[in-house]
$ cat data38.txt   # compact mmCIF, C-alpha atoms (C1' of nucleotides)
# COMPACT_ATOMS: atom_id res chain seq x y z
CA MET M 1 93.73 105.35 114.97
CA LYS M 2 94.24 105.36 111.30
CA VAL M 3 96.34 107.02 108.66
CA THR M 4 94.24 108.08 105.68
CA ALA M 5 95.16 107.23 102.11
CA LEU M 6 95.26 110.90 101.22
CA GLU M 7 97.83 111.59 103.91
CA GLU M 8 100.02 108.66 103.02
CA TYR M 9 100.06 109.17 99.26
CA GLY M 10 99.86 112.93 99.32
CA LEU M 11 102.94 113.20 101.48
CA ARG M 12 104.82 110.79 99.22
CA CYS M 13 103.99 112.91 96.21
CA MET M 14 105.36 115.97 97.97
CA LEU M 15 108.56 114.07 98.71
CA LEU M 16 108.96 113.30 95.02
CA PHE M 17 109.50 116.97 94.30
CA THR M 18 112.47 117.11 96.63
CA GLU M 19 114.13 114.26 94.74
CA LYS M 20 113.47 115.82 91.40
CA GLY M 21 115.66 118.83 92.09
CA ASP M 22 115.35 121.61 89.55
CA ARG M 23 114.80 119.65 86.40
CA GLY M 24 111.49 121.21 85.45
CA PRO M 25 107.95 120.28 86.46
CA LEU M 26 106.81 116.78 87.39
CA THR M 27 103.96 115.48 85.27
CA ILE M 28 101.08 113.46 86.62
CA HIS M 29 102.29 110.56 84.53
CA GLU M 30 105.70 110.67 86.14
CA ILE M 31 104.19 110.89 89.60
CA SER M 32 101.78 108.09 88.82
CA ALA M 33 104.62 105.89 87.56
CA SER M 34 106.98 106.66 90.41
CA GLU M 35 104.46 106.01 93.12
CA LYS M 36 102.57 103.21 91.37
CA LEU M 37 99.31 105.09 91.57
CA SER M 38 96.70 105.25 88.83
CA VAL M 39 96.90 108.34 86.67
CA PRO M 40 93.46 109.66 87.73
CA TYR M 41 94.24 109.15 91.39
CA ALA M 42 97.58 110.91 91.13
CA GLY M 43 95.70 113.70 89.39
CA LYS M 44 93.24 113.94 92.24
CA LEU M 45 96.02 114.12 94.81
CA LEU M 46 97.86 116.86 92.98
CA MET M 47 94.65 118.77 92.60
CA ILE M 48 94.21 118.76 96.37
CA LEU M 49 97.79 119.86 96.93
CA LYS M 50 97.33 122.59 94.35
CA GLN M 51 94.19 123.93 95.96
CA ALA M 52 96.07 124.14 99.23
CA GLY M 53 98.72 126.24 97.53
CA LEU M 54 101.53 123.76 98.04
CA VAL M 55 102.14 123.13 94.36
CA ARG M 56 101.57 125.16 91.22
CA ALA M 57 100.35 123.72 87.94
CA VAL M 58 102.10 124.49 84.68
CA ARG M 59 99.74 123.87 81.80
CA GLY M 60 100.57 123.02 78.25
CA ARG M 61 103.00 120.74 76.57
CA LYS M 62 105.99 121.08 78.86
CA GLY M 63 103.79 121.36 81.88
CA GLY M 64 103.44 119.53 85.15
CA TYR M 65 103.60 120.53 88.78
CA VAL M 66 106.21 122.39 90.80
CA LEU M 67 106.45 123.32 94.46
CA THR M 68 105.39 126.87 95.24
CA LYS M 69 108.29 127.30 97.68
CA PRO M 70 111.52 125.49 98.49
CA PRO M 71 111.13 122.31 100.57
CA GLU M 72 113.03 123.91 103.44
CA GLN M 73 110.17 126.36 103.84
CA ILE M 74 107.36 123.80 103.77
CA GLN M 75 106.37 122.45 107.16
CA LEU M 76 104.91 118.96 107.33
CA ARG M 77 102.11 120.60 109.24
CA GLU M 78 101.00 122.48 106.12
CA ILE M 79 100.96 119.31 104.10
CA PHE M 80 98.84 117.44 106.60
CA ALA M 81 96.49 120.36 106.92
CA ALA M 82 95.89 120.14 103.18
CA LEU M 83 95.33 116.41 103.26
CA GLY M 84 92.83 116.09 106.08
CA GLU M 85 91.71 116.86 109.58
CA PRO M 86 94.21 116.88 112.41
CA PHE M 87 94.41 113.91 114.73
CA PHE M 88 92.48 115.67 117.47
CA GLY M 89 90.75 118.61 115.89
CA ASN M 90 88.34 121.22 117.13
CA HIS M 91 85.34 119.22 116.06
CA HIS M 92 86.37 116.03 117.80
CA CYS M 93 84.11 116.44 120.79
CA ARG M 94 81.16 117.41 118.66
CA ARG M 95 81.67 114.55 116.24
CA TYR M 96 81.87 111.96 118.97
CA ALA M 97 78.99 113.28 121.03
CA GLY M 98 76.87 110.20 120.42
CA ASP M 99 73.17 110.92 119.98
CA SER M 100 73.24 114.23 121.81
CA GLU M 101 74.28 117.67 120.66
CA ILE M 102 76.83 118.22 123.38
CA CYS M 103 79.07 115.40 124.51
CA VAL M 104 78.14 114.17 127.99
CA HIS M 105 81.82 114.39 128.95
CA ASP M 106 82.00 118.02 127.99
CA ASP M 107 83.33 119.29 131.31
CA ASP M 108 85.87 116.64 132.24
CA CYS M 109 86.85 114.05 129.68
CA LYS M 110 89.62 111.59 130.46
CA VAL M 111 89.70 110.34 126.91
CA ARG M 112 90.04 113.82 125.52
CA ASN M 113 93.09 114.38 127.70
CA MET M 114 94.68 111.36 126.12
CA TRP M 115 93.98 112.36 122.54
CA SER M 116 95.19 115.81 123.33
CA THR M 117 98.49 114.46 124.62
CA PHE M 118 99.01 112.44 121.47
CA ASP M 119 98.07 115.39 119.32
CA ARG M 120 100.44 117.77 121.05
CA PHE M 121 103.30 115.37 120.48
CA ILE M 122 102.51 114.87 116.81
CA SER M 123 101.68 118.51 116.10
CA GLY M 124 104.85 119.57 117.83
CA ILE M 125 106.88 117.51 115.45
CA LEU M 126 104.91 118.39 112.32
CA GLU M 127 105.47 122.07 113.05
CA LYS M 128 109.19 121.75 113.46
CA VAL M 129 110.02 119.40 110.61
CA SER M 130 110.19 120.65 107.05
CA LEU M 131 109.67 118.67 103.88
CA ALA M 132 113.40 118.98 103.27
CA ASP M 133 114.11 117.54 106.71
CA LEU M 134 111.92 114.57 106.05
CA ALA M 135 113.43 114.00 102.61
CA SER M 136 116.97 114.06 103.88
CA GLY M 137 116.28 111.58 106.65
CA ARG M 138 116.88 114.17 109.32
CA PHE M 139 113.74 112.90 110.99
CA ASN M 140 115.58 111.15 113.77
CA TYR M 141 113.69 112.40 116.74
CA LEU M 142 112.99 109.73 119.32
CA GLU M 143 115.52 107.34 117.83
CA SER M 144 117.53 107.54 121.01
CA LYS M 145 116.19 105.85 124.07
CA GLU M 146 116.13 108.79 126.44
CA ASN M 147 113.48 110.46 124.33
CA LEU M 148 110.98 107.64 124.74
CA PRO M 149 107.93 108.46 126.83
CA ARG M 150 108.46 108.48 130.56
CA GLN M 151 105.19 107.67 132.24
CA LYS M 152 104.76 107.29 135.96
CA GLU M 153 104.26 103.61 136.64
CA SER M 154 100.70 102.74 137.58
CA ALA M 155 100.03 102.01 141.21
CA MET O 1 95.12 110.68 110.95
CA LYS O 2 91.85 109.76 112.47
CA VAL O 3 90.41 108.29 115.61
CA THR O 4 87.78 105.66 114.83
CA ALA O 5 84.34 105.66 116.40
CA LEU O 6 84.94 102.23 117.85
CA GLU O 7 88.05 103.44 119.65
CA GLU O 8 86.43 106.55 120.99
CA TYR O 9 83.20 104.99 122.22
CA GLY O 10 84.69 101.65 123.19
CA LEU O 11 87.21 103.28 125.47
CA ARG O 12 84.51 105.42 127.07
CA CYS O 13 82.46 102.32 127.81
CA MET O 14 85.45 100.74 129.50
CA LEU O 15 85.86 103.85 131.61
CA LEU O 16 82.27 103.57 132.77
CA PHE O 17 83.10 100.36 134.60
CA THR O 18 85.71 102.12 136.70
CA GLU O 19 83.14 104.66 137.87
CA LYS O 20 80.60 102.02 138.65
CA GLY O 21 82.69 100.47 141.39
CA ASP O 22 81.44 97.14 142.65
CA ARG O 23 77.72 97.71 142.46
CA GLY O 24 76.97 94.76 140.19
CA PRO O 25 76.97 94.51 136.41
CA LEU O 26 76.30 97.39 134.03
CA THR O 27 73.44 96.77 131.62
CA ILE O 28 73.49 97.80 128.00
CA HIS O 29 70.64 100.16 128.77
CA GLU O 30 72.65 101.88 131.47
CA ILE O 31 75.67 102.15 129.20
CA SER O 32 73.52 103.42 126.37
CA ALA O 33 71.94 106.05 128.60
CA SER O 34 75.20 107.17 130.22
CA GLU O 35 77.05 107.58 126.95
CA LYS O 36 74.10 108.74 124.86
CA LEU O 37 74.50 105.90 122.42
CA SER O 38 71.67 103.89 120.87
CA VAL O 39 70.95 100.63 122.61
CA PRO O 40 71.88 98.47 119.60
CA TYR O 41 75.14 100.33 119.14
CA ALA O 42 76.09 100.01 122.78
CA GLY O 43 75.31 96.32 122.42
CA LYS O 44 77.63 96.02 119.47
CA LEU O 45 80.46 97.76 121.32
CA LEU O 46 80.11 95.54 124.37
CA MET O 47 80.04 92.49 122.14
CA ILE O 48 83.40 93.49 120.68
CA LEU O 49 84.85 94.10 124.13
CA LYS O 50 83.49 90.76 125.27
CA GLN O 51 85.02 88.85 122.38
CA ALA O 52 88.34 90.42 123.24
CA GLY O 53 88.02 89.08 126.77
CA LEU O 54 87.93 92.50 128.41
CA VAL O 55 84.43 92.18 129.81
CA ARG O 56 82.25 89.24 130.77
CA ALA O 57 78.50 89.03 130.18
CA VAL O 58 76.10 88.05 132.92
CA ARG O 59 72.86 86.84 131.41
CA GLY O 60 69.42 86.85 132.87
CA ARG O 61 67.39 89.21 134.89
CA LYS O 62 70.12 90.73 137.04
CA GLY O 63 72.59 90.58 134.22
CA GLY O 64 74.83 93.02 132.44
CA TYR O 65 78.54 93.31 131.89
CA VAL O 66 81.50 93.32 134.26
CA LEU O 67 85.22 93.72 133.74
CA THR O 68 87.16 90.46 133.65
CA LYS O 69 89.96 91.94 135.74
CA PRO O 70 90.48 95.01 137.91
CA PRO O 71 91.11 98.27 135.99
CA GLU O 72 94.62 98.48 137.41
CA GLN O 73 95.50 95.35 135.44
CA ILE O 74 94.04 96.47 132.13
CA GLN O 75 96.47 98.28 129.86
CA LEU O 76 95.07 100.81 127.41
CA ARG O 77 97.03 98.87 124.85
CA GLU O 78 94.74 95.86 125.27
CA ILE O 79 91.66 97.99 124.83
CA PHE O 80 92.92 99.56 121.63
CA ALA O 81 93.99 96.20 120.29
CA ALA O 82 90.40 95.01 120.73
CA LEU O 83 88.97 98.08 119.06
CA GLY O 84 91.05 98.26 115.89
CA GLU O 85 94.36 98.20 114.12
CA PRO O 86 97.32 100.04 115.62
CA PHE O 87 98.32 103.40 114.27
CA PHE O 88 101.22 101.98 112.29
CA GLY O 89 100.65 98.26 112.06
CA ASN O 90 102.43 95.43 110.33
CA HIS O 91 100.25 95.68 107.27
CA HIS O 92 100.77 99.38 106.75
CA CYS O 93 103.33 99.07 103.99
CA ARG O 94 101.33 96.43 102.19
CA ARG O 95 98.09 98.36 102.46
CA TYR O 96 99.59 101.54 101.07
CA ALA O 97 101.55 99.92 98.29
CA GLY O 98 99.47 101.61 95.60
CA ASP O 99 98.85 99.44 92.55
CA SER O 100 101.81 97.14 93.12
CA GLU O 101 102.21 94.18 95.44
CA ILE O 102 105.28 95.53 97.19
CA CYS O 103 105.56 99.20 98.04
CA VAL O 104 108.11 101.00 95.84
CA HIS O 105 109.61 102.52 98.98
CA ASP O 106 110.17 99.13 100.51
CA ASP O 107 113.87 99.57 101.20
CA ASP O 108 114.07 103.14 102.47
CA CYS O 109 110.90 104.99 103.29
CA LYS O 110 111.05 108.42 104.86
CA VAL O 111 107.33 108.44 105.50
CA ARG O 112 107.46 105.12 107.26
CA ASN O 113 110.11 106.47 109.60
CA MET O 114 107.75 109.22 110.56
CA TRP O 115 104.76 106.98 111.23
CA SER O 116 107.01 104.70 113.16
CA THR O 117 108.14 107.54 115.38
CA PHE O 118 104.58 108.54 116.12
CA ASP O 119 103.61 104.96 116.77
CA ARG O 120 106.46 104.33 119.17
CA PHE O 121 105.43 107.34 121.18
CA ILE O 122 101.78 106.33 121.35
CA SER O 123 102.41 102.64 121.90
CA GLY O 124 104.89 103.46 124.62
CA ILE O 125 102.20 105.31 126.51
CA LEU O 126 99.41 102.83 125.87
CA GLU O 127 101.57 100.07 127.30
CA LYS O 128 102.38 101.92 130.47
CA VAL O 129 98.98 103.41 131.28
CA SER O 130 96.23 101.30 132.82
CA LEU O 131 92.51 101.87 132.61
CA ALA O 132 92.62 102.86 136.26
CA ASP O 133 95.32 105.43 135.52
CA LEU O 134 93.22 106.96 132.79
CA ALA O 135 90.11 106.98 134.94
CA SER O 136 91.83 108.70 137.83
CA GLY O 137 93.30 111.43 135.67
CA ARG O 138 96.82 110.24 136.27
CA PHE O 139 97.38 110.61 132.56
CA ASN O 140 99.51 113.69 132.92
CA TYR O 141 102.41 112.77 130.77
CA LEU O 142 103.66 115.61 128.61
CA GLU O 143 101.76 118.20 130.57
CA SER O 144 105.04 119.79 131.56
CA LYS O 145 106.97 121.65 128.94
CA GLU O 146 110.24 119.77 129.18
CA ASN O 147 108.57 116.67 127.89
CA LEU O 148 107.48 118.27 124.67
CA PRO O 149 109.26 117.02 121.54
CA ARG O 150 112.70 118.39 120.98
CA GLN O 151 113.43 118.31 117.28
CA LYS O 152 116.58 119.62 115.74
CA GLU O 153 115.75 122.85 113.99
CA SER O 154 115.73 122.52 110.22
CA ALA O 155 118.70 124.00 108.40
C1' DT E 1 56.54 77.51 135.16
C1' DG E 2 55.66 81.50 132.93
C1' DA E 3 56.80 86.36 132.57
C1' DT E 4 60.31 89.53 132.51
C1' DT E 5 64.77 91.34 131.86
C1' DA E 6 68.92 90.99 129.73
C1' DC E 7 72.41 89.31 126.47
C1' DT E 8 73.44 87.14 121.38
C1' DA E 9 73.97 86.73 116.64
C1' DT E 10 73.32 87.90 112.18
C1' DA E 11 71.66 90.59 108.65
C1' DC E 12 70.56 95.04 106.91
C1' DA E 13 70.98 100.14 105.87
C1' DT E 14 73.56 104.42 105.63
C1' DA E 15 77.49 107.41 105.23
C1' DA E 16 82.08 108.47 104.27
C1' DA E 17 86.43 107.45 102.17
C1' DA E 18 88.85 105.71 98.29
C1' DG E 19 89.50 105.29 93.74
C1' DT E 20 87.85 105.60 88.56
C1' DA E 21 86.06 107.69 84.26
C1' DT E 22 85.56 111.15 81.02
C1' DA E 23 84.73 115.18 78.51
C1' DG E 24 86.93 119.59 78.31
C1' DC E 25 90.48 123.35 78.63
C1' DT E 26 95.45 125.44 77.91
C1' DA E 27 99.93 126.10 76.29
C1' DT E 28 103.69 124.62 73.47
C1' DT E 29 105.71 123.18 69.23
C1' DT E 30 106.07 122.75 64.46
C1' DA V 1 96.66 126.82 63.04
C1' DA V 2 96.66 122.12 63.91
C1' DA V 3 98.52 118.51 66.71
C1' DT V 4 100.10 117.10 70.98
C1' DA V 5 101.05 116.80 75.79
C1' DG V 6 99.35 118.03 79.93
C1' DC V 7 96.20 120.00 83.45
C1' DT V 8 90.87 120.60 85.17
C1' DA V 9 86.47 119.65 86.89
C1' DT V 10 82.84 116.91 87.96
C1' DA V 11 80.41 112.84 88.33
C1' DC V 12 80.38 108.04 89.21
C1' DT V 13 81.58 103.36 91.38
C1' DT V 14 83.45 100.60 94.92
C1' DT V 15 84.79 99.65 99.45
C1' DT V 16 84.90 100.25 104.28
C1' DA V 17 83.23 102.09 108.48
C1' DT V 18 79.24 103.20 111.05
C1' DG V 19 75.03 102.47 112.89
C1' DT V 20 70.21 99.96 113.01
C1' DA V 21 66.85 96.13 113.23
C1' DT V 22 65.17 91.89 114.76
C1' DA V 23 64.40 87.29 115.96
C1' DG V 24 66.41 84.44 119.24
C1' DT V 25 68.64 82.43 123.87
C1' DA V 26 69.53 82.46 128.96
C1' DA V 27 68.77 83.35 133.69
C1' DT V 28 66.04 85.22 137.46
C1' DC V 29 61.98 85.70 140.24
C1' DA V 30 57.27 85.46 141.64
$ encode --input "data38.txt" --output "structure tokens"
Amino acid sequence: MKVTALEEYGLRCMLLFTEKGDRGPLTIHEISASEKLSVPYAGKLLMILKQAGLVRAVRGRKGGYVLTKPPEQIQLREIFAALGEPFFGNHHCRRYAGDSEICVHDDDCKVRNMWSTFDRFISGILEKVSLADLASGRFNYLESKENLPRQKESA
Amino acid sequence: MKVTALEEYGLRCMLLFTEKGDRGPLTIHEISASEKLSVPYAGKLLMILKQAGLVRAVRGRKGGYVLTKPPEQIQLREIFAALGEPFFGNHHCRRYAGDSEICVHDDDCKVRNMWSTFDRFISGILEKVSLADLASGRFNYLESKENLPRQKESA
DNA sequence: TGATTACTATACATAAAAGTATAGCTATTT
DNA sequence: AAATAGCTATACTTTTATGTATAGTAATCA
């Protein structure tokens, strides 16, 4: 299980906009400096976010990037969708089918059940949390002990 | 967020042993055929599992691989540890520090809080579920609706 | 004791992700 | 209208993950 670089850095860039407030567009140079990313790489990230419709580019001398909607209306889900495949996507079983076309576990896959459980948990959160929530530290789900997973003990 | 091939196929190989029962060791050829993996690749996977102490190799004509302990005593956690880095490991913040040595968000990172939440959920399950549990389909956590994430609605 | 079956170890090849480079386009400002 | 600041698009390089190849070692069995 791995977090991709696009997800990590892309999400951070989105968070930058919430800190900026309404003081005009953020330039790639500012983003690059704030996040300690190279200028070309920051450019690549913003390009991806732009193509997903999450940010809008303002060209010309006073240009930069701005969010296309207020952070309260941007779900983390949208951001992750722009930045890569979901944890347990539709193509999972085809991708990990080994040398055959159809995975041998197609009918009853124990492993798939597990991934699916993880994915439901994560997707459930990503759908309910907005960029504004994340920025303001309101992401406190599971901090309290009673929300930790309750699994039947193994025999 | 991605599942690695090692994790996916390695876990499946481990599951094979629970189906086999006590009918002697599983050969690489059998594993390769069952999982539709190439023989060399199955060999590589079993080598990794062996070096982690999860399986033992029996050489010679009636050889193959066997589990080193009964599936009830093998936590999924151990298997994943053998197969790769955890979702949100100790090196996360150093790896995604961009061009600087220490991540600029070192003191207060909203994104880290999120990964950490996901990781606690997943780790919590992997620690409590055994290979036998997974094999027998007892992995039913979160199937019922009341266990789905309850996140405060965003303002 | 030699043939066979199976694991072992290392090196190699391929594919995908990550990150860089650069030549070009657009709007503002003077 | 020229200069400047900034975005755009594509191609390239590097690194990491994935998967393959092969020459060898060990144990069984006739």
$ atom_distance --input "data38.txt" --atom1 "atom CA of O:Lys2" --atom2 "atom CA of M:Thr4"
7.4 Å
$ closest_atom_pairs --input "data38.txt" --of "chain M" --to "chain V" --cutoff "6 Å" --atoms "all atoms listed in the file" --output "tab-separated table"
residue	atom	partner	partner_atom	distance
M:Arg59	CA	V:DC7	C1'	5.5
M:Gly60	CA	V:DG6	C1'	5.4
M:Arg61	CA	V:DA5	C1'	4.5
M:Gly63	CA	V:DG6	C1'	5.9
$ closest_atom_pairs --input "data38.txt" --of "chain O" --to "chain E" --cutoff "12 Å" --atoms "only C-alpha atoms (C1' of nucleotides)" --output "Markdown table"
| residue | atom | partner | partner_atom | distance |
| --- | --- | --- | --- | --- |
| O:Lys2 | CA | E:DA17 | C1' | 11.9 |
| O:Pro25 | CA | E:DA6 | C1' | 11.0 |
| O:Leu26 | CA | E:DA6 | C1' | 10.7 |
| O:Thr27 | CA | E:DA6 | C1' | 7.6 |
| O:Ile28 | CA | E:DA6 | C1' | 8.4 |
| O:His29 | CA | E:DA6 | C1' | 9.4 |
| O:Glu30 | CA | E:DA6 | C1' | 11.6 |
| O:Pro40 | CA | E:DC7 | C1' | 11.5 |
| O:Ala42 | CA | E:DC7 | C1' | 11.9 |
| O:Gly43 | CA | E:DC7 | C1' | 8.6 |
| O:Lys44 | CA | E:DT8 | C1' | 10.0 |
| O:Leu46 | CA | E:DC7 | C1' | 10.1 |
| O:Met47 | CA | E:DT8 | C1' | 8.5 |
| O:Ile48 | CA | E:DT8 | C1' | 11.8 |
| O:Lys50 | CA | E:DC7 | C1' | 11.2 |
| O:Gln51 | CA | E:DT8 | C1' | 11.7 |
| O:Arg56 | CA | E:DC7 | C1' | 10.7 |
| O:Ala57 | CA | E:DC7 | C1' | 7.1 |
| O:Val58 | CA | E:DC7 | C1' | 7.5 |
| O:Arg59 | CA | E:DC7 | C1' | 5.5 |
| O:Gly60 | CA | E:DA6 | C1' | 5.2 |
| O:Arg61 | CA | E:DT5 | C1' | 4.5 |
| O:Lys62 | CA | E:DA6 | C1' | 7.4 |
| O:Gly63 | CA | E:DA6 | C1' | 5.8 |
| O:Gly64 | CA | E:DA6 | C1' | 6.8 |
| O:Tyr65 | CA | E:DC7 | C1' | 9.1 |
| O:Tyr96 | CA | E:DA18 | C1' | 11.9 |
| O:Gly98 | CA | E:DG19 | C1' | 10.8 |
| O:Asp99 | CA | E:DG19 | C1' | 11.1 |
$ closest_residue --input "data38.txt" --among "M:Leu126, M:Ile79, M:Leu45, M:Leu134" --to "chain O" --atoms "all atoms listed in the file"
M:Leu134
$ residues_around --input "data38.txt" --residues "stretch 104-107 of chain O" --least-positions-apart "5" --cutoff "8 Å" --atoms "only C-alpha atoms (C1' of nucleotides)" --output "ChimeraX atom specification"
/M:34-36 /O:93,97
$ residues_near_point --input "data38.txt" --point "(110.0, 121.3, 101.6)" --cutoff "10 Å" --atoms "all atoms listed in the file" --output "JSON, numbers by chain"
{"M": [14, 15, 17, 18, 54, 67, 68, 69, 70, 71, 72, 73, 74, 75, 76, 79, 129, 130, 131, 132, 133, 134, 135]}
$ atom_distance --input "data38.txt" --atom1 "atom CA of O:Val55" --atom2 "atom CA of O:Glu127"
19.0 Å
$ atom_distance --input "data38.txt" --atom1 "atom CA of M:His92" --atom2 "atom CA of O:Ile125"
21.0 Å
$ residues_near_point --input "data38.txt" --point "(95.0, 118.0, 115.4)" --cutoff "9 Å" --atoms "all atoms listed in the file" --output "number ranges by chain"
M: 81, 85-90, 116, 119-120, 122-123; O: 1
$ closest_residue --input "data38.txt" --among "M:Glu19, M:Ile102, M:Gly24, M:Val3" --to "chain O" --atoms "only C-alpha atoms"
M:Val3
$ axis_aligned_box --input "data38.txt" --around "stretch 115-120 of chain M" --padding-each-side "8 Å" --output "lines of an AutoDock Vina configuration file"
center_x = 97.2
center_y = 115.1
center_z = 122.0
size_x = 22.5
size_y = 21.4
size_z = 21.3
$ decode --input "data38.txt" --residues "stretch 40-62 of chain O" --atoms "N, CA and C atoms" --output "compact mmCIF listing (two decimals), in the first residue's frame"
# COMPACT_ATOMS: atom_id res chain seq x y z
N PRO O 40 9.01 -18.28 -12.48
CA PRO O 40 10.05 -17.48 -11.82
C PRO O 40 9.46 -16.44 -10.85
N TYR O 41 8.33 -15.89 -11.21
CA TYR O 41 7.74 -14.86 -10.36
C TYR O 41 7.20 -15.46 -9.07
N ALA O 42 6.56 -16.60 -9.19
CA ALA O 42 6.11 -17.30 -7.99
C ALA O 42 7.31 -17.62 -7.10
N GLY O 43 8.40 -18.02 -7.73
CA GLY O 43 9.61 -18.31 -6.97
C GLY O 43 10.11 -17.10 -6.21
N LYS O 44 10.07 -15.96 -6.86
CA LYS O 44 10.52 -14.73 -6.22
C LYS O 44 9.64 -14.39 -5.02
N LEU O 45 8.34 -14.52 -5.19
CA LEU O 45 7.41 -14.22 -4.11
C LEU O 45 7.67 -15.12 -2.91
N LEU O 46 7.82 -16.41 -3.18
CA LEU O 46 8.02 -17.36 -2.07
C LEU O 46 9.36 -17.12 -1.38
N MET O 47 10.32 -16.68 -2.15
CA MET O 47 11.62 -16.33 -1.57
C MET O 47 11.47 -15.20 -0.56
N ILE O 48 10.69 -14.20 -0.93
CA ILE O 48 10.47 -13.06 -0.03
C ILE O 48 9.75 -13.52 1.24
N LEU O 49 8.73 -14.35 1.05
CA LEU O 49 7.99 -14.85 2.21
C LEU O 49 8.88 -15.73 3.09
N LYS O 50 9.78 -16.44 2.45
CA LYS O 50 10.69 -17.30 3.21
C LYS O 50 11.65 -16.45 4.05
N GLN O 51 12.21 -15.42 3.42
CA GLN O 51 13.16 -14.58 4.14
C GLN O 51 12.51 -13.84 5.30
N ALA O 52 11.20 -13.68 5.22
CA ALA O 52 10.49 -13.04 6.33
C ALA O 52 10.12 -14.06 7.40
N GLY O 53 10.42 -15.32 7.15
CA GLY O 53 10.14 -16.35 8.15
C GLY O 53 8.71 -16.84 8.15
N LEU O 54 7.94 -16.50 7.13
CA LEU O 54 6.54 -16.92 7.10
C LEU O 54 6.35 -18.32 6.54
N VAL O 55 7.24 -18.70 5.63
CA VAL O 55 7.20 -20.06 5.10
C VAL O 55 8.59 -20.69 5.22
N ARG O 56 8.62 -22.00 5.12
CA ARG O 56 9.88 -22.72 5.20
C ARG O 56 10.00 -23.55 3.93
N ALA O 57 11.19 -23.63 3.38
CA ALA O 57 11.40 -24.40 2.15
C ALA O 57 11.83 -25.81 2.48
N VAL O 58 11.26 -26.76 1.76
CA VAL O 58 11.70 -28.15 1.87
C VAL O 58 12.35 -28.51 0.55
N ARG O 59 13.61 -28.76 0.57
CA ARG O 59 14.33 -29.03 -0.69
C ARG O 59 14.20 -30.49 -1.08
N GLY O 60 14.64 -30.73 -2.30
CA GLY O 60 14.66 -32.10 -2.78
C GLY O 60 13.37 -32.55 -3.44
N ARG O 61 13.36 -33.80 -3.75
CA ARG O 61 12.34 -34.31 -4.67
C ARG O 61 10.90 -34.15 -4.18
N LYS O 62 10.67 -34.33 -2.91
CA LYS O 62 9.30 -34.15 -2.40
C LYS O 62 9.13 -32.80 -1.73
